[in-house]
>>> print(open('model33.txt').read())   # compact mmCIF, C-alpha atoms and all ligand atoms
# COMPACT_ATOMS: atom_id res chain seq x y z
CA MET F 44 -57.28 57.59 28.63
CA ALA F 45 -56.65 55.53 25.56
CA LYS F 46 -59.55 53.83 23.88
CA PRO F 47 -59.14 50.07 23.60
CA GLU F 48 -57.50 49.36 20.28
CA SER F 49 -59.84 47.93 17.76
CA THR F 50 -58.72 44.69 16.16
CA ASP F 51 -59.79 45.83 12.68
CA PRO F 52 -56.92 46.85 10.46
CA PRO F 53 -56.40 50.62 10.54
CA LEU F 54 -57.88 52.75 7.78
CA ILE F 55 -54.47 53.67 6.43
CA GLU F 56 -51.03 52.62 7.48
CA LEU F 57 -47.67 53.82 6.27
CA ARG F 58 -44.85 51.37 6.92
CA ASN F 59 -41.32 52.70 6.60
CA VAL F 60 -42.33 54.93 3.75
CA THR F 61 -39.67 56.91 1.91
CA LYS F 62 -40.41 59.19 -1.01
CA THR F 63 -37.60 60.46 -3.19
CA TYR F 64 -38.20 62.82 -6.09
CA GLY F 65 -35.97 63.04 -9.12
CA GLY F 66 -32.99 60.89 -10.04
CA GLY F 67 -32.37 57.59 -8.33
CA VAL F 68 -32.06 57.16 -4.59
CA LEU F 69 -28.31 57.76 -4.91
CA SER F 70 -28.55 60.58 -7.44
CA ARG F 71 -27.13 63.94 -6.40
CA ASP F 72 -30.14 65.94 -7.47
CA SER F 73 -32.74 63.77 -5.84
CA THR F 74 -34.78 65.08 -2.92
CA VAL F 75 -35.75 62.84 -0.04
CA ALA F 76 -39.15 64.37 0.67
CA LEU F 77 -40.19 61.76 3.22
CA ASP F 78 -37.67 59.66 5.10
CA ASP F 79 -38.71 56.31 6.55
CA VAL F 80 -42.02 57.44 8.07
CA SER F 81 -44.35 54.95 9.71
CA LEU F 82 -47.75 55.96 10.93
CA THR F 83 -51.26 54.71 11.33
CA VAL F 84 -54.50 56.56 10.72
CA ARG F 85 -57.41 54.86 12.38
CA GLY F 86 -60.78 55.78 11.00
CA ASP F 87 -62.55 55.21 14.30
CA THR F 88 -61.26 58.15 16.33
CA PRO F 89 -62.85 61.37 15.17
CA GLN F 90 -59.97 63.70 15.86
CA ILE F 91 -58.40 66.55 14.03
CA VAL F 92 -54.69 65.88 13.73
CA SER F 93 -52.51 68.67 12.39
CA VAL F 94 -49.33 68.15 10.46
CA VAL F 95 -47.12 71.23 10.72
CA GLY F 96 -43.65 72.06 9.47
CA GLU F 97 -41.91 74.63 7.33
CA SER F 98 -42.20 74.78 3.56
CA GLY F 99 -40.61 71.75 1.92
CA SER F 100 -40.74 69.58 5.04
CA GLY F 101 -42.78 66.93 3.24
CA LYS F 102 -46.35 67.64 4.35
CA THR F 103 -47.97 67.54 0.92
CA THR F 104 -45.88 64.50 0.03
CA LEU F 105 -47.22 62.75 3.13
CA ALA F 106 -50.80 63.73 2.20
CA SER F 107 -50.41 62.61 -1.43
CA LEU F 108 -49.06 59.25 -0.31
CA LEU F 109 -51.90 58.77 2.18
CA MET F 110 -54.43 59.40 -0.57
CA GLY F 111 -52.68 57.14 -3.05
CA PHE F 112 -51.97 59.97 -5.50
CA ILE F 113 -48.29 59.07 -5.59
CA ALA F 114 -46.45 55.83 -4.90
CA PRO F 115 -43.70 55.50 -2.29
CA THR F 116 -40.11 55.00 -3.42
CA SER F 117 -39.79 52.36 -0.71
CA GLY F 118 -42.02 51.08 2.06
CA THR F 119 -45.67 50.10 2.00
CA ILE F 120 -49.01 51.89 2.24
CA LEU F 121 -51.96 49.83 3.38
CA TYR F 122 -55.66 50.64 3.11
CA GLU F 123 -57.64 48.53 5.58
CA GLY F 124 -54.76 46.08 5.59
CA GLN F 125 -54.42 45.86 1.81
CA ASP F 126 -51.44 47.21 -0.15
CA VAL F 127 -52.66 50.30 -2.00
CA SER F 128 -50.52 49.44 -5.03
CA SER F 129 -52.54 46.24 -5.48
CA LEU F 130 -56.00 47.87 -5.31
CA SER F 131 -58.20 47.72 -8.36
CA GLY F 132 -61.83 47.92 -9.41
CA PRO F 133 -64.37 48.22 -6.59
CA ARG F 134 -61.71 48.28 -3.82
CA MET F 135 -60.01 51.20 -5.48
CA ARG F 136 -63.36 53.02 -5.70
CA GLU F 137 -63.95 52.37 -2.01
CA PHE F 138 -60.54 53.76 -1.16
CA ARG F 139 -61.18 56.81 -3.35
CA ARG F 140 -64.46 57.37 -1.57
CA ASP F 141 -63.22 56.75 1.97
CA VAL F 142 -60.37 59.23 1.82
CA GLN F 143 -61.38 62.65 0.60
CA ALA F 144 -59.15 65.61 -0.10
CA VAL F 145 -59.71 69.30 0.45
CA PHE F 146 -57.01 71.28 -1.30
CA GLN F 147 -55.24 74.56 -0.93
CA ASP F 148 -56.67 76.17 -4.04
CA PRO F 149 -60.42 75.72 -4.16
CA PHE F 150 -60.49 77.02 -7.74
CA SER F 151 -58.58 74.01 -8.99
CA VAL F 152 -61.60 71.72 -8.59
CA PHE F 153 -64.07 74.10 -10.24
CA ASN F 154 -64.59 74.40 -13.94
CA PRO F 155 -65.38 78.07 -14.62
CA PHE F 156 -67.91 77.11 -17.33
CA TYR F 157 -70.05 74.99 -15.04
CA LYS F 158 -72.22 76.12 -12.20
CA VAL F 159 -71.09 75.28 -8.69
CA ASP F 160 -73.68 72.48 -8.62
CA HIS F 161 -71.48 70.52 -11.02
CA VAL F 162 -68.80 70.01 -8.38
CA LEU F 163 -71.44 68.34 -6.22
CA THR F 164 -73.38 66.39 -8.84
CA VAL F 165 -70.34 64.69 -10.36
CA PRO F 166 -69.49 62.65 -7.25
CA ILE F 167 -73.19 61.97 -6.63
CA ARG F 168 -73.39 60.36 -10.06
CA LYS F 169 -69.99 58.70 -9.90
CA PHE F 170 -70.63 57.05 -6.57
CA ARG F 171 -74.39 56.63 -7.13
CA LEU F 172 -75.27 58.46 -3.97
CA ALA F 173 -78.82 59.44 -4.94
CA ARG F 174 -81.76 57.50 -6.32
CA SER F 175 -83.74 60.43 -7.64
CA ARG F 176 -83.48 64.10 -8.50
CA SER F 177 -85.00 65.08 -5.19
CA ASP F 178 -82.60 62.75 -3.34
CA ARG F 179 -79.77 64.49 -5.11
CA HIS F 180 -81.08 67.91 -4.22
CA ASP F 181 -81.52 66.97 -0.55
CA LEU F 182 -78.01 65.59 -0.40
CA MET F 183 -76.52 68.80 -1.79
CA VAL F 184 -78.64 71.02 0.45
CA ASN F 185 -77.70 69.06 3.57
CA ALA F 186 -74.02 69.11 2.76
CA LEU F 187 -74.02 72.85 2.05
CA GLU F 188 -75.90 73.60 5.24
CA THR F 189 -73.46 71.50 7.29
CA VAL F 190 -70.62 73.75 6.18
CA GLY F 191 -72.63 76.89 6.90
CA LEU F 192 -73.59 77.84 3.34
CA ARG F 193 -77.06 78.87 2.23
CA PRO F 194 -78.05 76.54 -0.59
CA ASP F 195 -80.23 79.18 -2.30
CA GLU F 196 -77.24 81.52 -2.45
CA THR F 197 -74.83 78.84 -3.63
CA LEU F 198 -76.57 76.52 -6.07
CA GLY F 199 -77.12 77.90 -9.55
CA ARG F 200 -74.11 80.22 -9.35
CA TYR F 201 -70.85 80.14 -11.21
CA PRO F 202 -67.58 79.68 -9.27
CA HIS F 203 -66.50 83.30 -9.78
CA GLN F 204 -69.74 84.46 -8.19
CA LEU F 205 -68.70 82.96 -4.87
CA SER F 206 -66.03 84.23 -2.50
CA GLY F 207 -62.86 82.22 -1.98
CA GLY F 208 -64.13 81.12 1.41
CA GLN F 209 -67.48 80.02 -0.01
CA ARG F 210 -65.77 78.07 -2.76
CA GLN F 211 -63.58 76.34 -0.22
CA ARG F 212 -66.62 75.43 1.86
CA VAL F 213 -68.26 73.94 -1.24
CA THR F 214 -65.25 71.64 -1.55
CA VAL F 215 -65.66 70.63 2.09
CA ALA F 216 -69.37 69.97 1.38
CA ARG F 217 -68.38 67.88 -1.63
CA ALA F 218 -65.99 65.81 0.49
CA LEU F 219 -68.48 65.15 3.24
CA MET F 220 -71.33 64.11 0.91
CA LEU F 221 -69.32 60.97 0.30
CA ARG F 222 -69.35 60.10 4.02
CA PRO F 223 -65.59 59.62 3.95
CA LYS F 224 -63.71 57.87 6.71
CA LEU F 225 -60.98 60.50 6.55
CA ILE F 226 -60.66 64.00 5.18
CA VAL F 227 -57.19 65.20 4.29
CA ALA F 228 -57.14 68.99 4.17
CA ASP F 229 -53.87 70.33 2.76
CA GLU F 230 -53.52 74.05 3.52
CA PRO F 231 -57.27 74.57 3.06
CA VAL F 232 -57.19 78.16 4.28
CA SER F 233 -53.92 79.53 2.98
CA MET F 234 -55.52 81.07 -0.12
CA VAL F 235 -58.27 82.93 1.70
CA ASP F 236 -58.04 86.03 3.81
CA ALA F 237 -57.82 85.92 7.57
CA SER F 238 -61.47 86.75 8.18
CA LEU F 239 -62.63 83.70 6.26
CA ARG F 240 -60.13 81.32 7.77
CA ALA F 241 -62.04 80.96 10.98
CA THR F 242 -65.29 80.16 9.14
CA ILE F 243 -63.72 77.44 7.03
CA LEU F 244 -61.92 75.90 9.98
CA GLU F 245 -65.18 76.09 11.90
CA SER F 246 -66.90 74.11 9.15
CA LEU F 247 -64.15 71.46 9.31
CA ARG F 248 -64.66 71.29 13.06
CA THR F 249 -68.41 70.86 12.57
CA VAL F 250 -67.88 68.06 10.08
CA ASN F 251 -65.47 66.40 12.50
CA GLN F 252 -67.83 66.64 15.46
CA THR F 253 -71.23 66.11 13.92
CA LEU F 254 -70.29 63.45 11.38
CA ASN F 255 -67.40 61.95 13.39
CA VAL F 256 -64.98 62.18 10.48
CA PRO F 257 -61.31 62.32 11.44
CA ILE F 258 -59.43 65.10 9.69
CA LEU F 259 -55.78 65.42 8.87
CA TYR F 260 -55.18 69.15 8.73
CA ILE F 261 -51.96 70.10 6.99
CA THR F 262 -50.62 73.58 7.51
CA HIS F 263 -47.54 75.67 8.13
CA ASP F 264 -49.63 77.87 10.38
CA LEU F 265 -49.18 76.84 14.00
CA GLY F 266 -51.86 79.27 15.17
CA THR F 267 -54.71 77.63 13.30
CA ALA F 268 -53.30 74.18 14.10
CA TYR F 269 -53.45 75.06 17.77
CA HIS F 270 -57.02 76.30 17.60
CA VAL F 271 -58.51 73.55 15.50
CA SER F 272 -56.74 70.31 16.33
CA ASP F 273 -56.57 67.69 19.06
CA HIS F 274 -53.20 66.28 18.15
CA ILE F 275 -50.24 67.54 16.23
CA LEU F 276 -47.31 66.09 14.31
CA VAL F 277 -44.33 68.32 13.63
CA MET F 278 -42.29 67.55 10.53
CA TYR F 279 -38.77 68.61 9.70
CA ARG F 280 -37.11 67.67 6.39
CA GLY F 281 -39.13 64.56 5.78
CA THR F 282 -39.18 63.20 9.31
CA ILE F 283 -41.61 63.47 12.20
CA VAL F 284 -39.71 65.19 15.00
CA GLU F 285 -42.43 65.68 17.58
CA ALA F 286 -45.97 64.45 18.18
CA GLY F 287 -48.59 64.63 20.87
CA ASP F 288 -51.57 66.40 22.33
CA VAL F 289 -51.75 69.85 20.76
CA GLU F 290 -51.96 71.79 24.02
CA THR F 291 -48.90 70.03 25.42
CA VAL F 292 -46.81 70.33 22.28
CA ILE F 293 -47.57 74.00 21.72
CA THR F 294 -47.23 75.12 25.33
CA ALA F 295 -44.30 72.86 26.25
CA PRO F 296 -42.49 71.85 23.06
CA LYS F 297 -39.60 69.45 23.55
CA HIS F 298 -37.80 69.25 20.24
CA PRO F 299 -35.46 72.23 19.65
CA TYR F 300 -36.98 72.63 16.15
CA THR F 301 -40.51 72.92 17.55
CA GLN F 302 -39.22 75.31 20.21
CA LEU F 303 -37.73 77.57 17.56
CA LEU F 304 -40.84 77.31 15.41
CA ILE F 305 -43.12 78.30 18.27
CA ASN F 306 -40.92 81.07 19.57
CA SER F 307 -40.61 82.58 16.10
CA ILE F 308 -44.26 83.44 15.68
CA PRO F 309 -46.18 86.25 17.30
CA TRP F 310 -48.91 84.81 19.46
CA PRO F 311 -51.97 86.93 20.08
CA ASP F 312 -51.85 86.96 23.86
CA PRO F 313 -48.67 88.66 25.13
CA ASP F 314 -49.40 87.71 28.74
CA ARG F 315 -49.41 84.07 27.99
CA ARG F 316 -45.99 82.53 27.65
CA TRP F 317 -45.82 80.04 24.83
CA GLY F 318 -43.22 77.44 24.41
CA GLN F 319 -40.28 77.11 26.70
CA GLU F 320 -36.73 78.22 26.99
CA ILE F 321 -34.97 77.05 23.89
CA ALA F 322 -32.51 74.31 24.71
CA THR F 323 -28.96 75.47 23.99
CA ARG F 324 -25.65 73.92 23.18
CA SER F 325 -23.55 72.55 25.97
CA GLU F 326 -20.85 70.93 23.84
CA GLN F 327 -18.73 72.28 21.01
CA VAL F 328 -19.69 70.14 18.03
CA THR F 329 -18.61 70.25 14.40
CA VAL F 330 -21.40 69.07 12.16
CA PRO F 331 -19.83 67.35 9.14
CA GLU F 332 -21.59 67.61 5.79
CA GLY F 333 -23.51 64.51 4.77
CA HIS F 334 -23.51 63.02 8.28
CA GLY F 335 -26.07 60.34 8.92
CA GLY F 336 -27.44 61.70 12.18
CA CYS F 337 -30.27 64.04 13.10
CA ARG F 338 -31.45 66.13 10.13
CA PHE F 339 -31.81 69.16 12.37
CA ALA F 340 -28.22 69.01 13.69
CA GLU F 341 -26.97 71.84 11.43
CA ARG F 342 -29.49 74.28 12.81
CA CYS F 343 -29.85 72.91 16.31
CA PRO F 344 -28.86 75.22 19.15
CA ALA F 345 -28.43 72.18 21.42
CA VAL F 346 -26.51 69.83 19.11
CA MET F 347 -24.41 67.16 20.83
CA ALA F 348 -21.70 64.85 19.49
CA LYS F 349 -24.04 61.87 19.28
CA CYS F 350 -26.54 63.82 17.15
CA VAL F 351 -24.32 63.51 14.08
CA GLU F 352 -23.70 59.80 14.54
CA ASN F 353 -27.21 58.32 14.32
CA PRO F 354 -30.70 59.70 13.79
CA PRO F 355 -32.50 59.97 17.13
CA PRO F 356 -35.44 57.64 17.73
CA PRO F 357 -38.59 59.09 19.27
CA TYR F 358 -38.44 59.31 23.07
CA LEU F 359 -41.34 59.93 25.40
CA PRO F 360 -40.45 63.01 27.48
CA ALA F 361 -43.98 62.95 28.86
CA ALA F 362 -47.00 60.71 28.55
CA ASP F 363 -48.60 61.11 25.11
CA HIS F 364 -45.74 63.31 23.94
CA ALA F 365 -42.94 62.09 21.71
CA ALA F 366 -39.83 63.89 20.51
CA ALA F 367 -37.14 62.48 18.25
CA CYS F 368 -34.24 64.12 20.07
CA PHE F 369 -31.29 62.83 22.12
CA LEU F 370 -31.96 65.47 24.79
CA TYR F 371 -34.54 63.00 26.07
CA ASP F 372 -32.55 59.79 25.82
CA ASP F 373 -32.96 59.21 29.54
CA ARG F 374 -36.71 58.82 28.93
CA PRO F 375 -38.47 55.74 27.56
CA GLU F 376 -37.97 55.16 23.88
CA LEU F 377 -41.02 54.81 21.71
CA PRO F 378 -40.63 52.16 19.03
CA LYS F 379 -40.67 54.11 15.76
CA GLU F 380 -43.74 52.34 14.42
CA GLU F 381 -45.56 53.43 17.53
CA LEU F 382 -45.22 57.09 16.78
CA SER F 383 -48.48 56.31 15.05
CA ARG F 384 -50.00 55.88 18.49
CA MET F 385 -50.00 59.65 18.62
CA LEU F 386 -52.60 59.64 15.91
CA THR F 387 -54.88 57.20 17.64
CA LEU F 388 -55.09 58.52 21.17
CA VAL F 389 -58.51 59.61 22.27
CA PRO F 390 -58.35 63.23 23.34
CA SER F 391 -59.66 64.15 26.75
CA GLY F 392 -61.88 66.93 25.37
CA SER F 393 -65.38 66.79 24.00
CA SER F 394 -64.37 65.54 20.59
CA ALA F 395 -63.63 62.16 22.16
CA GLN F 396 -67.25 61.14 22.03
CA GLN F 397 -68.08 58.42 19.61
CA GLY F 398 -71.50 59.41 18.38
CA GLU F 399 -73.67 57.37 16.12
CA GLY F 400 -72.60 59.26 13.07
CA VAL F 401 -74.58 59.28 9.89
CA PRO F 402 -75.16 55.95 8.20
CA ARG F 403 -73.33 55.46 4.95
N1 LIG H 501 -43.10 66.60 -7.89
C1 LIG H 501 -41.94 66.90 -7.29
N2 LIG H 501 -40.77 66.79 -7.94
C2 LIG H 501 -39.59 67.06 -7.34
N3 LIG H 501 -39.47 67.47 -6.06
C3 LIG H 501 -40.60 67.61 -5.35
C4 LIG H 501 -41.91 67.35 -5.93
N4 LIG H 501 -42.84 67.58 -4.98
C5 LIG H 501 -42.16 67.97 -3.89
N5 LIG H 501 -40.84 68.00 -4.09
C6 LIG H 501 -39.79 68.33 -3.10
O1 LIG H 501 -39.98 67.52 -1.95
C7 LIG H 501 -39.83 68.26 -0.76
C8 LIG H 501 -41.11 68.19 0.07
O2 LIG H 501 -42.13 68.87 -0.63
P1 LIG H 501 -43.63 69.00 -0.10
O3 LIG H 501 -44.42 69.61 -1.18
O4 LIG H 501 -44.07 67.69 0.42
O5 LIG H 501 -43.43 70.03 1.11
P2 LIG H 501 -44.52 70.79 1.99
O6 LIG H 501 -44.15 70.55 3.41
O7 LIG H 501 -45.87 70.44 1.55
O8 LIG H 501 -44.20 72.32 1.66
P3 LIG H 501 -45.20 73.59 1.57
O9 LIG H 501 -45.46 74.02 2.99
O10 LIG H 501 -44.40 74.59 0.81
O11 LIG H 501 -46.44 73.17 0.85
C9 LIG H 501 -39.44 69.65 -1.19
O12 LIG H 501 -38.03 69.75 -1.13
C10 LIG H 501 -39.92 69.75 -2.61
O13 LIG H 501 -39.12 70.63 -3.36
MG MG H 502 -47.49 71.53 0.74
>>> encode(input="model33.txt", output="structure tokens", more="lines below")
Ligand SMILES: Nc1ncnc2c1ncn2[C@@H]1O[C@H](COP(=O)(O)OP(=O)(O)OP(=O)(O)O)[C@@H](O)[C@H]1O
Ligand SMILES: [Mg+2]
Amino acid sequence: MAKPESTDPPLIELRNVTKTYGGGVLSRDSTVALDDVSLTVRGDTPQIVSVVGESGSGKTTLASLLMGFIAPTSGTILYEGQDVSSLSGPRMREFRRDVQAVFQDPFSVFNPFYKVDHVLTVPIRKFRLARSRSDRHDLMVNALETVGLRPDETLGRYPHQLSGGQRQRVTVARALMLRPKLIVADEPVSMVDASLRATILESLRTVNQTLNVPILYITHDLGTAYHVSDHILVMYRGTIVEAGDVETVITAPKHPYTQLLINSIPWPDPDRRWGQEIATRSEQVTVPEGHGGCRFAERCPAVMAKCVENPPPPYLPAADHAAACFLYDDRPELPKEELSRMLTLVPSGSSAQQGEGVPR
């Protein structure tokens, strides 16, 4: 059941955002990394939403735009209703504090010459989070404990004296000390070995549930996305092709790209059938180069003549489940802007509770 929409402006909103790298929009060697994407991230639903898609599909570009690290080529990004490109001074600081990043390579935020404490004390000073030394110490200890680290084994050490997984959890602790309204975690576990992945994802889950912080979890790994998230967005070449409740999307994918993606990975339980039959071609279609239709047409096993004419809008093959594919054009169409609704639905599971949270 959907939570009544709040009338406050959403935390972050992307409106028709396109990001092109290199050259001009018409240049031959430019890459359209994100193509006319609109979505809303509300800060008041503590969900974990995964963004999945193959390498180069635009996931990091989406994350960097959301955090204001790069500017869109066209379209608008709003932070609490205000254009990010116009933010300055205290509003910019607020934005920087509200949206925290956890990156792929935890080493990149550590300076090898400073103790691990440095990574935590810098934001405490910058955002004036503590009034005294003991305040500062308590803040660090609490944050480390929340992510399952023992402060006495972490503080006072140098980055190389911690494992990759511990370093990554320190960066999660750093993010949550700021009481952000959103954590964007871009491939946070791809640099650590499998045994540590679960622990780090567990700490993200804990942060999500105990502090009610929504998390955007970006990954090319469908397995972890399935285990950790409530909702999922599937990207293909800069567009969102499918979105919905994670259980529904993974067990009954609708878009042929998602179907291929899911069927191509070995799932741990051989008795459980994942995905569905892959939709297959019923018409003989030539896909001309440079056509303006669906970006997946070249690879699609179910391509139809209309797929190369126009890009498909998102349809709703089932409640809370959208797929941008003409196979479902007999179903209701979801206005493109509303794909964002998929990010704001309250999941039916336990993470739907709106606890008190921790005061900022
Ligand atoms: N700074 C840049 N300059 C030029 N092209 C770029 C730049 N950053 C990304 N791209 C291109 O934009 C496209 C999307 O890249 P992006 O990094 O967003 O993909 P991704 O989904 O995060 O991939 P991965 O899973 O490999 O991290 C790719 O084709 C990439 O080569
Ligand atoms: Mg990336």
>>> atom_distance(input="model33.txt", atom1="atom O4 of ligand LIG 501 (chain H)", atom2="atom CA of Met278 of chain F")
10.3 Å
>>> residues_near_ligand(input="model33.txt", ligand="ligand LIG 501 (chain H)", cutoff="6 Å", atoms="all atoms listed in the file", output="list of chain:residue names")
F:Tyr64, F:Gly65, F:Thr74, F:Ala76, F:Glu97, F:Ser98, F:Gly99, F:Ser100, F:Gly101, F:Lys102, F:Thr103, F:Thr104, F:His263
>>> atom_distance(input="model33.txt", atom1="atom CA of Ile283 of chain F", atom2="atom CA of Met234 of chain F")
25.6 Å
>>> residues_around(input="model33.txt", residues="Asp236 of chain F", least_positions_apart="4", cutoff="9 Å", atoms="all atoms listed in the file", output="ChimeraX atom specification")
/F:207-208,232,240
>>> residues_near_point(input="model33.txt", point="(-28.0, 63.2, 11.8)", cutoff="9 Å", atoms="all atoms listed in the file", output="ChimeraX atom specification")
/F:330,333-341,349-355
>>> write_last_selection(input="model33.txt", atoms="C-alpha atoms", output="tab-separated table (two decimals), in the coordinates of the input")
chain	number	residue	atom	x	y	z
F	330	VAL	CA	-21.40	69.07	12.16
F	333	GLY	CA	-23.51	64.51	4.77
F	334	HIS	CA	-23.51	63.02	8.28
F	335	GLY	CA	-26.07	60.34	8.92
F	336	GLY	CA	-27.44	61.70	12.18
F	337	CYS	CA	-30.27	64.04	13.10
F	338	ARG	CA	-31.45	66.13	10.13
F	339	PHE	CA	-31.81	69.16	12.37
F	340	ALA	CA	-28.22	69.01	13.69
F	341	GLU	CA	-26.97	71.84	11.43
F	349	LYS	CA	-24.04	61.87	19.28
F	350	CYS	CA	-26.54	63.82	17.15
F	351	VAL	CA	-24.32	63.51	14.08
F	352	GLU	CA	-23.70	59.80	14.54
F	353	ASN	CA	-27.21	58.32	14.32
F	354	PRO	CA	-30.70	59.70	13.79
F	355	PRO	CA	-32.50	59.97	17.13
>>> atom_distance(input="model33.txt", atom1="atom CA of Thr282 of chain F", atom2="atom CA of Ala367 of chain F")
9.2 Å
